[in-house]
Each structure stands twice: as C-alpha cells, then as structure tokens.
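Peer 1: Dumping the structure here so I can ask a few things about it.
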Amino acid sequence: MAGFLRAVCYSQVLVFLLSITCSAAKEFLVGGKTNAWKIPSSQSDSLNKWAESSRFLVGDSLVWTYDKEKDSVLKVRREAYISCNTSDAIEEYNGGNTKVSLDKSGPHYFISGAEGHCEKGQKVIVVVLSQRHRLVGVSPAPSPSEVEGPAVAPTSDASSFKAGYLVALGVLVGFVWM
C-alpha cells in the first residue's frame, strides 16, 4: 500500500513540475528568424501573420535583430501604429538586438523607426494573454447546456489549485523521509 501511495505522490509531483516547466516565460524571435524585422516582400510575409500564429503570455519577451545603422523598433499606441507616426513613440529601441518584455496583457504595437518602412508594412501587433491562461491541466467549466440542474457558483480558484500541488509535494517529502 505504501508503494502505491508513493507512486501516486510521485506522479502528482511530476505533473506539478511539468506545469511549472510549461508555464515558463519564453523569448520569441520576431518573425521566427533573425533579420525578419524588414519591409515584407508580400502580404503573406507580414510579421502580423507570424504574430497571429503565436501565443504570447505576460512575462514572455520579443527579440528583434536588425541593422542598428539602418533601423530601429518603436513601441507605439494604436493610433500611431495605424498612421505610422514615428514621432510619438512610447519606447524607442535602436541597439540592433532588442529584447522587449511583454509585461501586460492586451495588444502591443510596434513599428519601424526607419523613414517610410512602416508605410510599407514593417510593423507588428502582438496580442498578449494574461497570466491566468498559463494554468496547465485545468479543464474549463462545462457549458450550461452540459450540466443538468441549477447552476452552482465555483468554489475554487488558481491559488487553491496550486496549493493542492504543494500539499502533494509535502506528502511526498513526508513519504520519502519515512
């Protein structure tokens, strides 16, 4: 019986460690390759196509590589993104190897600082999801049509989910030292 309980605890710890590993912040090379920060050759080469196929979470980072003598990266507001206004940047990066941390959820707008490049499509919108989307292994609540009877308010949240793993870890440590 003790062997079975030990195996169950080990498996819970493994799931916990995997959830931590899967939720680690990631660095994304803009465009998925070096020197992708350039005027796109076609609409299908747009950095927005790349951004739409990626999943960005709070805490992740974007990395740009470009010729610092010819270009820069500007973080701008939506209006400046649409009009390619380079004079009202929130942040300006011009080192040639730029790393920007995505510190809040929502859309983030970036345009080229080189004259005329934004108008030719050198820009990208990155939509960042909140921290709560990082939980791994938690199934969403069923839709109301899948549940019979009256609706019941949820009684747990992410902190109790993580607390359960900590309890399992404590139990495992207790079994190992027995």
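Ordering of the structure tokens sets the chain letters (A, B, ...); residue numbers start at 1 within each chain; ligands are numbered from 1 in the order shown.
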Would you mind listing what lies within 10 Å of Ser61 of chain A as a list in words, with only C-alpha atoms counted and same-chain residues fewer than 2 positions away left out?
Peer 2: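 Here the answer would be Ala25, Lys26, Glu27, Phe28, Leu29, Val30, Phe56, Leu57, Val58, Gly59, Val63, Thr98, Lys99, Val100, Ser101, Leu102 and Asp103 of chain A.
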Peer 1: Using only C-alpha atoms, please write the residues we just selected to a file, as a PDB file, in the first residue's frame.
Peer 2:
```pdb
ATOM      1  CA  ALA A  25       8.353  32.679 -19.822  1.00  0.00           C
ATOM      2  CA  LYS A  26       9.531  32.362 -23.404  1.00  0.00           C
ATOM      3  CA  GLU A  27      11.581  34.500 -25.744  1.00  0.00           C
ATOM      4  CA  PHE A  28      10.179  34.914 -29.246  1.00  0.00           C
ATOM      5  CA  LEU A  29      12.457  35.892 -32.100  1.00  0.00           C
ATOM      6  CA  VAL A  30      10.283  38.345 -34.034  1.00  0.00           C
ATOM      7  CA  PHE A  56       2.190  35.333 -26.233  1.00  0.00           C
ATOM      8  CA  LEU A  57       1.748  35.410 -22.465  1.00  0.00           C
ATOM      9  CA  VAL A  58       2.539  38.044 -19.851  1.00  0.00           C
ATOM     10  CA  GLY A  59       6.208  37.613 -18.937  1.00  0.00           C
ATOM     11  CA  VAL A  63      13.606  39.737 -29.548  1.00  0.00           C
ATOM     12  CA  THR A  98      16.380  44.454 -28.932  1.00  0.00           C
ATOM     13  CA  LYS A  99      14.577  42.484 -26.221  1.00  0.00           C
ATOM     14  CA  VAL A 100      11.200  43.741 -25.001  1.00  0.00           C
ATOM     15  CA  SER A 101       9.407  42.134 -22.066  1.00  0.00           C
ATOM     16  CA  LEU A 102       5.652  41.764 -22.501  1.00  0.00           C
ATOM     17  CA  ASP A 103       4.608  42.949 -19.051  1.00  0.00           C
TER      18      ASP A 103
END
```
Peer 1: Enumerate as a PyMOL selection string all residues of segment 9-123 of chain A assigned to strand (DSSP E) by DSSP on the backbone, naming them with the chain letters and numbers the document uses.
Peer 2: chain A and resi 27-29+56-57+61-65+73-76+91-93+97-101+106-112+123
Peer 1: Can you list, as a list in words, every protein, DNA or RNA residue that comes within 9 Å of Ser112 of chain A when you count only C-alpha atoms, leaving out same-chain residues fewer than 3 positions away?
Peer 2: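 The residues satisfying every condition are Trp37, Lys38, Ile39, Asp71, Ser72, Val73, Leu74, Lys75, Cys84, Thr86, Glu115, Gly116, His117, Cys118, Gly121, Gln122 and Lys123 of chain A.
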Peer 1: Please determine, counting only C-alpha atoms, which residue among A:Pro107, A:Lys70, A:Val124, A:Ile90 has the shortest atom-to-atom distance to Gly31 of chain A.
Peer 2: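 Nearest to Gly31 of chain A: A:Val124.
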Peer 1: Write out as a list in words each polymer residue whose atoms come within 9 Å of Glu52 of chain A, counting only C-alpha atoms; drop sequence neighbours fewer than 2 positions from it.
Peer 2: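 My reading of the contact set: Leu47, Asn48, Lys49, Trp50, Ser54, Arg55, Ile125, Val126 and Val127 of chain A.
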Peer 1: Could you write out the selected residues, including N, CA, C and O atoms, as a PDB file, in the first residue's frame?
Peer 2:
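Output (selection.pdb):
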```pdb
ATOM      1  N   LEU A  47       4.735  40.398 -40.729  1.00  0.00           N
ATOM      2  CA  LEU A  47       5.002  39.941 -39.367  1.00  0.00           C
ATOM      3  C   LEU A  47       3.712  39.696 -38.588  1.00  0.00           C
ATOM      4  O   LEU A  47       3.702  38.930 -37.633  1.00  0.00           O
ATOM      5  N   ASN A  48       2.623  40.331 -39.008  1.00  0.00           N
ATOM      6  CA  ASN A  48       1.350  40.070 -38.338  1.00  0.00           C
ATOM      7  C   ASN A  48       0.880  38.637 -38.586  1.00  0.00           C
ATOM      8  O   ASN A  48       0.226  38.049 -37.730  1.00  0.00           O
ATOM      9  N   LYS A  49       1.202  38.066 -39.721  1.00  0.00           N
ATOM     10  CA  LYS A  49       0.870  36.646 -39.976  1.00  0.00           C
ATOM     11  C   LYS A  49       1.601  35.774 -38.965  1.00  0.00           C
ATOM     12  O   LYS A  49       1.029  34.845 -38.406  1.00  0.00           O
ATOM     13  N   TRP A  50       2.874  36.075 -38.733  1.00  0.00           N
ATOM     14  CA  TRP A  50       3.656  35.335 -37.742  1.00  0.00           C
ATOM     15  C   TRP A  50       3.054  35.525 -36.346  1.00  0.00           C
ATOM     16  O   TRP A  50       2.875  34.561 -35.605  1.00  0.00           O
ATOM     17  N   SER A  54       1.227  32.797 -33.230  1.00  0.00           N
ATOM     18  CA  SER A  54       1.968  32.592 -31.988  1.00  0.00           C
ATOM     19  C   SER A  54       1.076  32.914 -30.800  1.00  0.00           C
ATOM     20  O   SER A  54       0.109  33.653 -30.926  1.00  0.00           O
ATOM     21  N   ARG A  55       1.438  32.354 -29.649  1.00  0.00           N
ATOM     22  CA  ARG A  55       0.688  32.617 -28.414  1.00  0.00           C
ATOM     23  C   ARG A  55       1.633  33.297 -27.430  1.00  0.00           C
ATOM     24  O   ARG A  55       2.587  32.695 -26.963  1.00  0.00           O
ATOM     25  N   ILE A 125       1.574  43.791 -34.633  1.00  0.00           N
ATOM     26  CA  ILE A 125       0.734  43.844 -33.438  1.00  0.00           C
ATOM     27  C   ILE A 125       0.877  42.507 -32.736  1.00  0.00           C
ATOM     28  O   ILE A 125       0.683  41.451 -33.349  1.00  0.00           O
ATOM     29  N   VAL A 126       1.204  42.545 -31.453  1.00  0.00           N
ATOM     30  CA  VAL A 126       1.345  41.332 -30.657  1.00  0.00           C
ATOM     31  C   VAL A 126       0.268  41.371 -29.571  1.00  0.00           C
ATOM     32  O   VAL A 126       0.217  42.315 -28.783  1.00  0.00           O
ATOM     33  N   VAL A 127      -0.594  40.364 -29.538  1.00  0.00           N
ATOM     34  CA  VAL A 127      -1.644  40.294 -28.528  1.00  0.00           C
ATOM     35  C   VAL A 127      -1.175  39.343 -27.427  1.00  0.00           C
ATOM     36  O   VAL A 127      -0.871  38.179 -27.681  1.00  0.00           O
TER      37      VAL A 127
END
```
Peer 1: Grab the atom CA of Lys33 of chain A to atom CA of Ser105 of chain A distance for me, in Å with one decimal place.
Peer 2: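 Going from atom CA of Lys33 of chain A over to atom CA of Ser105 of chain A covers 24.1 Å.
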